[in-house]
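One structure is given here, and the rest of the page talks about it.
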Amino acid sequence: MSELLTALRAFEGQTLTPTTWGPDPVNTPMIRHWVETMGDENPVYLDDDAARATGRDGAVAPALMTQVWTMRTFTDKMANNDPSPVWTELIATLDAAGFTSVVATDSDFEFFAELRPGDRVSLTEVIESISEEKTTGLGAGHFVTTLKTYRSGDGEVVATQRWRTLRFRPKSGSGSGAEPAAPKGLRPRPAINADNAFWFEAAREHRLVIQRCTACGTLRHPTGPMCGQCRSLDWDTVDAAGRGTVYSFVVNHHPRIPGFEYPLVVATIELEEGTRLIANMTGVEPHAVEIGMAVELDWIDADPELTLPAFRPAAREDS
């Protein structure tokens, strides 16, 4: 084995995340948000009587929410506190070898007991295995597999989760695969691949294009290889007129990421052609943005390698 692989294999069996209790107990409001978002209408999650009719003692949490109850709070996550020295050392070892990017590849859950409102859940995570270097479409890297064990307040194992991530050395260039990290102070690089490269290339020419199915004429965005209406793989593009309305928007104040000016208005723009896209607003104060506001195309030349469409309030015809 190489010296690096020997060092990585030494982490196997070590505890990546010591036993950590979730910040809040299982609770009905969070269950309600989750089932409504997921469209899960099973009554046993919110209705005690419906749950009792199935032999349960009362309403239960969806099994797939197990991970939710142990997720770190926003404040804790933004503090950039590593869960353990093992975590810090492992990431430092991979970073030093150039494996600076990460993508999740597998999540294998096994459930043993149901959780009810009021239950507390803890998480312990152990490094199970680290692969030899593999060549992938994203770049060369190592697969890191960990085993997460979820326990209730009385120590009962309620679920296990085998979690695999790929720590890889990103490819350079604008083809398929990952883009290199943006230099400090620049906007983050978009994930450019074979399905969207044409869109970013047009943007660099200050052209906003919309993908069109040549079989049925349906316009679509985000870009993709197949038409969602007729499943044709044949497509071309049309140039958008650059006019639309604000469909929805948020004003982002935090976290402050280098390359952006705050407060930052992020809007969903409905183009007059019928498709929607996410873009920044320019030339307007956040308090002046309104749903339904008429907007027109603007451009953000963020740096020599990145141009993105933005939208500003449309000029009034009488001005």
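Quick note on naming: the chains in the structure tokens go A, B, ... in the order shown, residues restart at 1 in each chain, and ligands are numbered from 1 in order of appearance.
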
Considering only strand (DSSP E or B) as DSSP defines it on the backbone, what residues of range 70-220 of chain A qualify? List them as a PyMOL selection string.
chain A and resi 101-111+121-130+134-135+140-152+157-168+209-213+219-220

For CA of Glu36 in chain A and CA of Pro62 in chain A, the interatomic separation in Å (one decimal)
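The value is 11.9 Å.
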
Could you give me, as number ranges by chain, each residue of range 82-206 of chain A that DSSP assigns to alpha helix (DSSP H) when run on this structure's backbone?
A: 85-96, 197-204
